[in-house]
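Contents: one structure, followed by commentary.
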Amino acid sequence: MTTARAVVAIGSLLVATTVAPTLLGGCTTQGMGTSTVSMAQPAPRARTTTGATSYTPVTDQRLVSPEAENWLMYRRTYDGWGYSPLEQINTGNVKDLVPVWTFSTGVAEGHQAPPIVNNGIMFVSTPQNQVLALDAKSGELLWRYKRELPEDLFQLHPTNRGVGLYEDKVYLATLDAHVVALDAKTGKLLWDRTVEDYKKGYYMTLAPLVAKGKVMVGVSGGELGIRGFVQALDARTGQPAWKTFTVPAPGEPGSETWKGDSWKTGGASVWITGSFDPQLNLTYWGTGNGAQWMGDQRPGDNLYSTSVIALDADTGKMRAFHQYHWNDSWDWDEVSAPILMDPGRNGYLWVLERKADAIGFVDAKPYVKQTVFTKLDPRTGRPEYDETKKPVTNKKIPFCPSLWGGKDWPPAAYNPKTGYLYIPSNENLCGSLLGTAKPYEEGKLWLGTEIKDIGMVVADGSKHIGEIQAWDMNTGQKVWMRTFESHNWGPILTTGSGLVFAGGTNDRYFRAFDGKTGEPLWQWRTNSGITGVPSSFAVDGVQYVAVQSGWGVDAQRMQGALDDIRGAKTDVPQGGVIWVFAVKR
Amino acid sequence: MFAGFERIGHVITPGDVPAGKPPLLAYPIDPSSRVVRDGSRLNQVLLVRLAVEELDEDTRARSADGVVAYSGVCTHTGCDVTVWQAETRRFRCPCHESEFDPRDRGRVVGGPAPRRLPQLPVKVVDGVIVADGAFIGRPGFQPG
């Protein structure tokens with residue numbers, strides 16, 4: 001398709017969810033533009049030491065059209081943009097951003113969840129499945145929930161990516177594959193539902209998607225030979241509502257893309273929150289790698305691995321899908337598909353069109369060096385592979401980008417005002433895999449390769465690895481790029497004033513950029529490296545930017561791989577802290 | 001009490017753990033009931049033979065003819081410790097790259113693990129390797 005046609009398609013597919021924010025709670029755009037925070041101690045909000053005294057229930061209406069001052073879900077809105085319309089903090093005053101309060105979470109490892117805010121009450125999840133409820137303005141702790149995790153849990157990804165809110169409840173998907181509902185005012189456990197058996201390698205790290213009275217979650221475990229699915233529970237009772245597997249059983253549509261019993265351990269995990277189109281009543285989920293990693297041991301396209309799938313919100317019925325690449329052999333999970341302008345882990349930026357019964361291919365182009373795809377079918381987007389770059393059993397195969405992809409899970413952000421998509425990417429890293437055939441064992445790591453045979457190389461003469469790329473979605477062109485010597489695992493926030501916020505580097509900085517030009521405007525050195533999703537909110541007319549700092553999981557793993565290559569030892573301190581910033585008067 | 005270790009259906013003898021080979025992953029077997037104690041991952045044990053002169057004094061006291069036994073569950077976040085680095089003679093966890101030195105009581109020598117891999121004292125009785133007491137320290141990670 002031509003670029004011009006793509007522009008039309010992008011516009012048409014986004015218009016359905018471009019909902020003008022309703023400004024409530026005395027937080028008008030004008031007021032937001034003029035007031036600044038006083039550094040005097042803010043007056044404590046109404047609360048008791050055992051919880052919040054008042055709470056605004058979260059309705060479907062508020063989730064579809066959140067007030068500007070609130071951040072009610074993983075990426076704030078169902079379209080997955082990571083965009084706050086607030087504009088009090090702007091390119092002129094962002095240089096005066098200072099911490100207002102901080103809070104130590106008390107745990108180590110990867111702090112990836114956004115601070116989620118509902119009318120002045122903040123909910124933050126941490127590794128080890130802790131949920132903190134805080135007064136968003138003062139930092140006062142309202143309640144704390146700590147899950148007692150099983151002693152024999154196998155935590156490949158010790159993290160959590162946020163809570164879901166609905167009515168007066170807070171939902172958490174746990175590492176031992178449960179969903180729990182907590183009372184938003186007190187943190188009291190209301191129900192606890194087992195989704196799968198953690199001893200079989202199932203676990204959950206994603207923030208639940210909550211819509212129309214249902215809590216929807218997906219399972220991780222693509223490195224332990226699980227069979228992926230999305231599960232919906234009744235938000236009030238926790239009763240199962242529907243369950244849709246991402247790997248079809250024999251006889252189901254798509255089952256012809258699997259041979260023998262390979263579907264039983266086929267992977268296609270769903271480990272990032274889906275998006276939702278209320279008009280089409282469809283939820284969109286990205287799916288992970290096939291299991292184990294070597295495609296030649298599970299011949300076929302392996303639907304619906306490395307795909308985006310559209311599931312009916314009421315029934316779970318699959319209405320449409322698009323597979324980014326078939327017979328995955330690179331561990332390129334395509335989990336962050338849902339904004340439907342998807343910078344894929346496979347190194348291509350995909351533009352897709354969503355309709356009631358189809359996901360149409362519009363355009364795709366590489367945003368990092370990609371040596372695997374030789375061409376894409378112009379109609380379907382199905383890639384052809386350079387077979388010498390496709391990992392197989394018993395042979396070492398090099399490919400670019402590395403198995404962590406052009407980007408991994410950290411979400412890109414879209415700003416409707418600049419029209420730009422901001423991508424946290426890693427360049428100049430290639431990988432290699434040597435496949436081995438090993439029998440599946442329940443609950444055990446099952447990669448199809450030995451750890452020592454997972455290779456990574458840094459391109460000769462390269463000066464950087466981490467990047468933030470800005471792409472103009474109206475022209476389909478990259479408009480600016482910032483580079484970092486460090487790798488970058490920083491999720492992105494963008495705001496109505498055209499700012500871009502992100503951390504992600506091993507030097508512990510949290511940064512702000514001019515979203516139009518990429519010019520760095522502000523930075524603050526935090527306690528640890530930032531791989532948390534930043535959010536923005538307002539209380540009493542003051543805009544805040546919040547983020548968790550707490551390095552770990554894959555950012556640390558990639559650091560270890562880079563250190564091995566360079567013979568270095570980089571010590572990025574661990575331990576989580578919630579940071580909340582505002583403009584100093 | 002543990003007395004002997006089983007893997008793939010037979011009780012492990014010192015001959016099953018030859019020098020220069022990667023570790024064996026084993027579960028304990030009860031000597032009287034013959035029940036294999038594999039109900040919990042926390043019971044899995046790594047057995048490897050090292051040069052006796054390389055072992056530190058405490059490690060050697062808990063070894064049998066150079067065979068040392070350690071918990072097979074990482075103290076960081078509970079993954080199976082499945083990687084053997086033959087050249088440095090270290091255990092490595094595949095999840096987050098913690099490394100442990102089996103010649104020095106399972107000491108952490110790399111990665112995020114907060115404490116050593118618990119050693120299990122062993123001896124040879126009637127030609128099989130048996131546990132000679134409990135793990136030195138608690139196997140697995142410390143939940144929240």
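In the structure tokens, the first chain shown is A, the next is B, and so on; residue numbers restart at 1 for each chain, and ligands run from 1 in the order shown.
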Mind running chain A against chain B at 9 Å and telling me each contacting residue's nearest atom pair with the distance in Å (one decimal), counting only C-alpha atoms, chain and number ascending, as CSV?
```
residue,atom,partner,partner_atom,distance
A:Val107,CA,B:Gly144,CA,7.7
A:Glu109,CA,B:Pro112,CA,8.8
A:Pro127,CA,B:Gly144,CA,8.9
A:Gln128,CA,B:Gly144,CA,5.8
A:Asn129,CA,B:Gly144,CA,8.3
A:Gln130,CA,B:Gly144,CA,8.4
A:Lys146,CA,B:Gly144,CA,7.4
A:Arg147,CA,B:Gly144,CA,7.7
A:Glu148,CA,B:Gly144,CA,6.9
A:Leu149,CA,B:Pro143,CA,6.1
A:Pro150,CA,B:Pro143,CA,7.4
A:Glu151,CA,B:Pro143,CA,6.3
A:Asp152,CA,B:Arg41,CA,6.0
A:Leu153,CA,B:Gly78,CA,6.1
A:Phe154,CA,B:Cys79,CA,4.8
A:Gln155,CA,B:Thr77,CA,5.2
A:Leu156,CA,B:Cys95,CA,5.5
A:His157,CA,B:Cys95,CA,8.1
A:Pro158,CA,B:Thr77,CA,7.0
A:Lys444,CA,B:Asp80,CA,7.8
A:Leu445,CA,B:Asp80,CA,8.1
A:Glu450,CA,B:Val83,CA,8.4
A:Ile451,CA,B:Pro94,CA,6.4
A:Lys452,CA,B:Val83,CA,8.2
A:Gly552,CA,B:His96,CA,8.9
A:Val553,CA,B:His96,CA,7.1
A:Asp554,CA,B:His96,CA,8.2
A:Gln556,CA,B:His96,CA,7.8
A:Arg557,CA,B:His96,CA,6.1
A:Gly560,CA,B:Glu97,CA,7.5
A:Gln574,CA,B:Pro112,CA,9.0
```
Item to check | Selection: 8 Å around Ala64 of chain B, only C-alpha atoms, excl. self and same-chain fewer than 5 positions, as a list in words | outcome: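 The residues that qualify are Val122, Lys123, Val124 and Ile129 of chain B.
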Checklist entry - Mind pulling up the distance from atom CA of Pro114 of chain A to atom CA of Gly532 of chain A? => result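 The value is 6.2 Å.
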Item to check | Coordinates-based distance that separates atom CA of Ser71 of chain B from atom CA of Leu117 of chain B (Å, one decimal) | outcome: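 Taking atom CA of Leu117 of chain B and atom CA of Ser71 of chain B, their separation equals 6.1 Å.
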Checklist entry - Counting only C-alpha atoms, which of B:Val17, B:Ile12, B:Ala131, B:Val125 gets nearest to Arg49 of chain B? => result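 Under the stated criterion, the closest residue is B:Val17.
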Checklist entry - Which residues, written as a VMD selection string, have at least one atom at most 12 Å from Ala61 of chain B, with only C-alpha atoms counted and residues fewer than 6 positions away on the same chain left out? => result chain B and resid 52 to 53 55 67 to 69 103 to 105 119 to 123 132
Item to check | DSSP helix (DSSP H, G or I) residues within chain B, as a list of chain:residue names | outcome: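 Output for chain B, helix (DSSP H, G or I) only: B:Pro14, B:Gly15, B:Asp16, B:Arg41, B:Leu42, B:Asn43, B:Val52, B:Glu53, B:Glu54, B:Glu57, B:Asp58, B:Thr59, B:Arg60, B:Ala61.
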Let's have the selection written as a short mmCIF file (atom, residue, chain, number, x, y, z; two decimals), in the first residue's frame, with N, CA and C atoms.
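selection-v4.cif written:
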```cif
data_model
loop_
_atom_site.label_atom_id
_atom_site.label_comp_id
_atom_site.auth_asym_id
_atom_site.auth_seq_id
_atom_site.Cartn_x
_atom_site.Cartn_y
_atom_site.Cartn_z
N PRO B 14 28.44 -43.36 44.04
CA PRO B 14 29.53 -42.44 43.69
C PRO B 14 29.95 -42.59 42.23
N GLY B 15 29.81 -43.78 41.68
CA GLY B 15 30.19 -43.99 40.29
C GLY B 15 29.31 -43.25 39.30
N ASP B 16 28.09 -42.88 39.74
CA ASP B 16 27.20 -42.10 38.87
C ASP B 16 27.62 -40.64 38.77
N ARG B 41 9.63 -29.13 44.49
CA ARG B 41 10.86 -28.74 43.79
C ARG B 41 11.99 -28.42 44.77
N LEU B 42 11.58 -28.00 45.98
CA LEU B 42 12.59 -27.58 46.96
C LEU B 42 13.45 -28.74 47.42
N ASN B 43 13.04 -29.97 47.10
CA ASN B 43 13.84 -31.14 47.49
C ASN B 43 14.91 -31.49 46.47
N VAL B 52 39.12 -32.86 45.46
CA VAL B 52 39.04 -32.68 46.91
C VAL B 52 39.90 -31.51 47.36
N GLU B 53 41.10 -31.36 46.74
CA GLU B 53 42.01 -30.30 47.18
C GLU B 53 41.50 -28.90 46.85
N GLU B 54 40.50 -28.81 45.97
CA GLU B 54 39.93 -27.50 45.63
C GLU B 54 38.86 -27.06 46.63
N GLU B 57 37.54 -26.00 53.60
CA GLU B 57 37.51 -26.97 54.69
C GLU B 57 36.09 -27.42 55.05
N ASP B 58 35.17 -26.46 55.18
CA ASP B 58 33.79 -26.82 55.53
C ASP B 58 33.12 -27.62 54.43
N THR B 59 33.36 -27.18 53.20
CA THR B 59 32.75 -27.87 52.07
C THR B 59 33.24 -29.32 52.03
N ARG B 60 34.53 -29.47 52.24
CA ARG B 60 35.13 -30.81 52.18
C ARG B 60 34.55 -31.71 53.27
N ALA B 61 34.32 -31.12 54.45
CA ALA B 61 33.80 -31.91 55.57
C ALA B 61 32.40 -32.44 55.27
#
```
Checklist entry - If you count only C-alpha atoms, which residues fall within 6 Å of Gln44 of chain B, apart from same-chain ones fewer than 3 positions away, as an NGL selection string? => result :B and (26-27 or 41 or 72)
Selection export as an mmCIF file, in the first residue's frame, atoms kept: N, CA and C atoms:
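Listed below is the output, again_0.cif:
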```cif
data_model
loop_
_atom_site.group_PDB
_atom_site.id
_atom_site.type_symbol
_atom_site.label_atom_id
_atom_site.label_comp_id
_atom_site.auth_asym_id
_atom_site.auth_seq_id
_atom_site.Cartn_x
_atom_site.Cartn_y
_atom_site.Cartn_z
ATOM 1 N N ALA B 26 18.972 -34.638 41.281
ATOM 2 C CA ALA B 26 18.424 -35.827 41.932
ATOM 3 C C ALA B 26 17.413 -35.447 43.002
ATOM 4 N N TYR B 27 16.570 -36.403 43.307
ATOM 5 C CA TYR B 27 15.647 -36.250 44.436
ATOM 6 C C TYR B 27 16.006 -37.267 45.506
ATOM 7 N N ARG B 41 9.631 -29.131 44.490
ATOM 8 C CA ARG B 41 10.860 -28.741 43.788
ATOM 9 C C ARG B 41 11.986 -28.422 44.770
ATOM 10 N N GLY B 72 19.094 -27.463 44.441
ATOM 11 C CA GLY B 72 19.020 -27.140 43.016
ATOM 12 C C GLY B 72 18.060 -26.007 42.712
#
```
Item to check | All strand (DSSP E or B) residues (DSSP, backbone) inside chain B, as an MDAnalysis selection string | outcome: chainID B and resid 5:7 10:11 24:29 36 45:49 64 67:71 73 80 83:85 90:92 99:101 107:110 119:120 122:125 128:131 136
Same residues, N, CA and C atoms, saved as a short mmCIF file (atom, residue, chain, number, x, y, z; two decimals), in the first residue's frame:
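Result file result-v9.cif:
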```cif
data_model
loop_
_atom_site.label_atom_id
_atom_site.label_comp_id
_atom_site.auth_asym_id
_atom_site.auth_seq_id
_atom_site.Cartn_x
_atom_site.Cartn_y
_atom_site.Cartn_z
N PHE B 5 19.84 -40.85 46.89
CA PHE B 5 19.23 -39.98 45.89
C PHE B 5 18.88 -40.80 44.68
N GLU B 6 17.80 -40.42 44.07
CA GLU B 6 17.37 -41.18 42.92
C GLU B 6 17.26 -40.29 41.70
N ARG B 7 17.66 -40.84 40.57
CA ARG B 7 17.44 -40.17 39.31
C ARG B 7 17.16 -41.24 38.27
N HIS B 10 17.02 -45.04 39.61
CA HIS B 10 17.94 -45.83 40.42
C HIS B 10 18.66 -44.98 41.46
N VAL B 11 19.05 -45.65 42.52
CA VAL B 11 19.71 -44.95 43.61
C VAL B 11 21.15 -44.64 43.20
N LEU B 24 24.50 -33.87 38.43
CA LEU B 24 23.27 -34.66 38.34
C LEU B 24 22.20 -33.95 39.15
N LEU B 25 20.98 -33.92 38.61
CA LEU B 25 19.85 -33.40 39.38
C LEU B 25 19.10 -34.60 39.96
N ALA B 26 18.97 -34.64 41.28
CA ALA B 26 18.42 -35.83 41.93
C ALA B 26 17.41 -35.45 43.00
N TYR B 27 16.57 -36.40 43.31
CA TYR B 27 15.65 -36.25 44.44
C TYR B 27 16.01 -37.27 45.51
N PRO B 28 15.78 -36.92 46.78
CA PRO B 28 16.06 -37.89 47.84
C PRO B 28 15.04 -39.03 47.85
N ILE B 29 15.49 -40.17 48.32
CA ILE B 29 14.58 -41.31 48.47
C ILE B 29 14.62 -41.77 49.93
N VAL B 36 10.24 -41.81 46.77
CA VAL B 36 11.06 -40.71 46.25
C VAL B 36 10.40 -39.40 46.65
N VAL B 45 18.22 -31.78 44.35
CA VAL B 45 19.61 -31.66 44.79
C VAL B 45 20.54 -31.82 43.59
N LEU B 46 21.56 -30.97 43.56
CA LEU B 46 22.60 -31.08 42.54
C LEU B 46 23.78 -31.84 43.13
N LEU B 47 24.25 -32.87 42.42
CA LEU B 47 25.41 -33.65 42.85
C LEU B 47 26.51 -33.49 41.82
N VAL B 48 27.70 -33.13 42.26
CA VAL B 48 28.82 -32.98 41.33
C VAL B 48 30.11 -33.39 42.04
N ARG B 49 31.03 -33.97 41.26
CA ARG B 49 32.31 -34.38 41.86
C ARG B 49 33.40 -33.37 41.49
N ALA B 64 31.75 -36.23 50.08
CA ALA B 64 32.15 -37.64 50.15
C ALA B 64 33.00 -37.95 48.92
N VAL B 67 32.51 -35.66 46.13
CA VAL B 67 31.13 -35.42 45.70
C VAL B 67 30.47 -34.44 46.67
N VAL B 68 29.99 -33.32 46.10
CA VAL B 68 29.28 -32.33 46.92
C VAL B 68 27.82 -32.27 46.47
N ALA B 69 26.95 -31.90 47.40
CA ALA B 69 25.52 -31.81 47.10
C ALA B 69 25.00 -30.44 47.51
N TYR B 70 24.20 -29.85 46.63
CA TYR B 70 23.61 -28.53 46.90
C TYR B 70 22.15 -28.52 46.50
N SER B 71 21.40 -27.62 47.11
CA SER B 71 20.03 -27.37 46.68
C SER B 71 20.05 -26.97 45.21
N VAL B 73 17.70 -25.24 43.73
CA VAL B 73 16.75 -24.14 43.55
C VAL B 73 17.43 -22.83 43.93
N ASP B 80 15.17 -23.29 38.74
CA ASP B 80 16.05 -24.45 38.76
C ASP B 80 17.45 -24.03 38.34
N VAL B 83 22.47 -24.69 34.90
CA VAL B 83 23.63 -24.46 34.04
C VAL B 83 24.91 -24.77 34.82
N TRP B 84 25.79 -25.55 34.21
CA TRP B 84 27.09 -25.88 34.81
C TRP B 84 28.18 -25.24 33.96
N GLN B 85 28.99 -24.43 34.58
CA GLN B 85 30.11 -23.81 33.87
C GLN B 85 31.36 -24.60 34.21
N ARG B 90 31.36 -23.58 38.26
CA ARG B 90 30.32 -22.84 38.97
C ARG B 90 28.94 -23.28 38.49
N PHE B 91 28.00 -23.27 39.44
CA PHE B 91 26.59 -23.40 39.08
C PHE B 91 26.10 -22.04 38.60
N ARG B 92 25.22 -22.05 37.59
CA ARG B 92 24.63 -20.79 37.13
C ARG B 92 23.14 -20.98 36.94
N GLU B 99 25.41 -16.85 40.07
CA GLU B 99 26.42 -17.89 40.03
C GLU B 99 26.86 -18.27 41.43
N PHE B 100 27.12 -19.56 41.60
CA PHE B 100 27.45 -20.09 42.93
C PHE B 100 28.69 -20.96 42.81
N ASP B 101 29.54 -20.90 43.84
CA ASP B 101 30.78 -21.68 43.85
C ASP B 101 30.61 -22.92 44.73
N ARG B 107 28.87 -20.35 47.79
CA ARG B 107 28.94 -18.89 47.88
C ARG B 107 28.47 -18.23 46.58
N VAL B 108 27.79 -17.08 46.71
CA VAL B 108 27.36 -16.30 45.54
C VAL B 108 28.58 -15.62 44.93
N VAL B 109 28.84 -15.90 43.65
CA VAL B 109 29.98 -15.27 42.99
C VAL B 109 29.54 -14.44 41.79
N GLY B 110 28.25 -14.28 41.59
CA GLY B 110 27.77 -13.44 40.51
C GLY B 110 26.26 -13.37 40.51
N GLN B 119 24.09 -26.04 51.09
CA GLN B 119 24.78 -27.31 50.87
C GLN B 119 24.08 -28.40 51.68
N LEU B 120 24.10 -29.61 51.13
CA LEU B 120 23.56 -30.76 51.84
C LEU B 120 24.73 -31.70 52.15
N VAL B 122 26.85 -34.86 52.67
CA VAL B 122 26.65 -36.23 52.18
C VAL B 122 27.79 -37.14 52.65
N LYS B 123 27.51 -38.44 52.66
CA LYS B 123 28.52 -39.45 52.92
C LYS B 123 28.16 -40.67 52.08
N VAL B 124 29.09 -41.61 52.01
CA VAL B 124 28.81 -42.84 51.26
C VAL B 124 28.57 -43.96 52.26
N VAL B 125 27.40 -44.60 52.15
CA VAL B 125 27.05 -45.72 53.02
C VAL B 125 26.61 -46.89 52.14
N VAL B 128 26.20 -46.26 48.37
CA VAL B 128 25.35 -45.21 47.79
C VAL B 128 25.57 -43.89 48.54
N ILE B 129 25.24 -42.79 47.84
CA ILE B 129 25.41 -41.47 48.45
C ILE B 129 24.18 -41.17 49.30
N VAL B 130 24.40 -40.85 50.55
CA VAL B 130 23.27 -40.56 51.45
C VAL B 130 23.48 -39.20 52.12
N ALA B 131 22.37 -38.60 52.50
CA ALA B 131 22.44 -37.32 53.21
C ALA B 131 22.94 -37.55 54.62
N ILE B 136 22.29 -26.96 54.86
CA ILE B 136 22.88 -25.87 55.63
C ILE B 136 22.23 -24.58 55.12
#
```
Checklist entry - Neighbours of segment 197-210 of chain A within 6 Å (only C-alpha atoms; same-chain residues fewer than 2 positions away dropped), as a list in words? => result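 The contact residues come out as Asn160, Arg161, Gly162, Val163, Gly164, Ala173, Thr174, Leu175, Asp176, Ala177, Lys214, Val215, Met216, Val217, Val219, Ser220, Gly221, Leu224, Trp271, Ile272, Thr273, Glu442 and Gly443 of chain A.
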Write a file of the selected residues as a short mmCIF file (atom, residue, chain, number, x, y, z; two decimals), in the first residue's frame, keeping N, CA and C atoms.
```cif
data_model
loop_
_atom_site.label_atom_id
_atom_site.label_comp_id
_atom_site.auth_asym_id
_atom_site.auth_seq_id
_atom_site.Cartn_x
_atom_site.Cartn_y
_atom_site.Cartn_z
N ASN A 160 5.57 -7.29 38.23
CA ASN A 160 4.14 -7.15 37.98
C ASN A 160 3.93 -5.83 37.26
N ARG A 161 2.96 -5.79 36.34
CA ARG A 161 2.85 -4.62 35.48
C ARG A 161 1.61 -3.77 35.77
N GLY A 162 1.02 -3.95 36.95
CA GLY A 162 -0.03 -3.01 37.33
C GLY A 162 -1.34 -3.67 37.70
N VAL A 163 -2.18 -2.87 38.35
CA VAL A 163 -3.49 -3.36 38.79
C VAL A 163 -4.56 -2.91 37.81
N GLY A 164 -5.73 -3.52 37.93
CA GLY A 164 -6.92 -3.07 37.20
C GLY A 164 -7.92 -2.54 38.22
N ALA A 173 -3.24 -9.66 39.03
CA ALA A 173 -2.92 -10.98 38.47
C ALA A 173 -1.59 -11.41 39.08
N THR A 174 -1.51 -12.62 39.63
CA THR A 174 -0.38 -12.97 40.48
C THR A 174 0.60 -13.92 39.80
N LEU A 175 1.79 -14.00 40.40
CA LEU A 175 2.85 -14.86 39.88
C LEU A 175 2.52 -16.33 40.01
N ASP A 176 1.62 -16.68 40.93
CA ASP A 176 1.19 -18.07 41.04
C ASP A 176 -0.13 -18.28 40.32
N ALA A 177 -0.40 -17.42 39.31
CA ALA A 177 -1.50 -17.61 38.35
C ALA A 177 -2.88 -17.57 39.01
N LYS A 214 -16.09 -7.42 33.41
CA LYS A 214 -15.19 -8.57 33.35
C LYS A 214 -13.75 -8.15 33.59
N VAL A 215 -13.03 -9.05 34.28
CA VAL A 215 -11.59 -8.88 34.48
C VAL A 215 -10.92 -9.88 33.55
N MET A 216 -10.12 -9.36 32.61
CA MET A 216 -9.50 -10.24 31.61
C MET A 216 -8.00 -10.28 31.82
N VAL A 217 -7.46 -11.51 31.84
CA VAL A 217 -6.02 -11.70 32.05
C VAL A 217 -5.50 -12.75 31.07
N VAL A 219 -1.97 -15.50 30.35
CA VAL A 219 -0.95 -16.23 31.10
C VAL A 219 0.41 -16.16 30.42
N SER A 220 1.44 -16.15 31.27
CA SER A 220 2.83 -16.28 30.84
C SER A 220 3.24 -17.74 30.97
N GLY A 221 4.42 -18.05 30.43
CA GLY A 221 4.95 -19.41 30.55
C GLY A 221 5.45 -19.97 29.23
N LEU A 224 8.22 -22.28 29.43
CA LEU A 224 8.02 -23.49 30.21
C LEU A 224 6.99 -24.42 29.55
N TRP A 271 1.15 -12.01 27.79
CA TRP A 271 1.69 -11.48 29.04
C TRP A 271 1.73 -9.96 29.11
N ILE A 272 0.98 -9.31 28.22
CA ILE A 272 0.82 -7.86 28.33
C ILE A 272 -0.67 -7.55 28.15
N THR A 273 -1.13 -6.53 28.87
CA THR A 273 -2.54 -6.14 28.87
C THR A 273 -3.05 -5.88 27.46
N GLU A 442 7.05 -31.03 32.66
CA GLU A 442 6.10 -30.07 33.22
C GLU A 442 6.76 -29.14 34.24
N GLY A 443 6.53 -27.86 34.06
CA GLY A 443 7.01 -26.88 35.03
C GLY A 443 8.49 -26.57 34.93
#
```
Contacts of segment 415-417 of chain A at 8 Å (only C-alpha atoms; same-chain gap of 6+ positions) as a PDB file with C-alpha atoms, in the first residue's frame:
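Final output, selection_34.pdb:
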```pdb
ATOM      1  CA  TRP A  81      -1.637   5.151  23.891  1.00  0.00           C
ATOM      2  CA  TYR A  83      -1.039   9.534  26.694  1.00  0.00           C
ATOM      3  CA  THR A 494       3.578  11.379  26.481  1.00  0.00           C
ATOM      4  CA  THR A 495       1.419  14.354  27.488  1.00  0.00           C
ATOM      5  CA  GLY A 496      -0.942  16.961  26.098  1.00  0.00           C
ATOM      6  CA  GLY A 498       3.902  17.543  23.881  1.00  0.00           C
TER       7      GLY A 498
END
```
Checklist entry - What is the distance between atom CA of Arg75 of chain A and atom CA of Ala358 of chain A, in Å to one decimal? => result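 Computed distance, atom CA of Arg75 of chain A to atom CA of Ala358 of chain A, equals 24.0 Å.
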Next on the checklist: At a cut-off of 9 Å, using only C-alpha atoms, what residues contact Tyr422 of chain A? Leave out same-chain residues fewer than 2 positions from it and give the result as a ChimeraX atom specification.
Outcome noted: /A:412-415,420,424,468-471,492-494,500,515
Item to check | Nearest candidate to Thr105 of chain A (options A:Gln88, A:Asn346, A:Asn93, A:Ser125; using only C-alpha atoms) | outcome: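 Looking at the shortest contact to Thr105 of chain A, the residue is A:Ser125.
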Next on the checklist: Under the rule that only C-alpha atoms are counted, which of A:Arg382, A:Lys369, A:Lys516, A:Arg193 is the nearest residue to Ile465 of chain A?
Outcome noted: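 Result for the nearest residue to Ile465 of chain A: A:Lys369.
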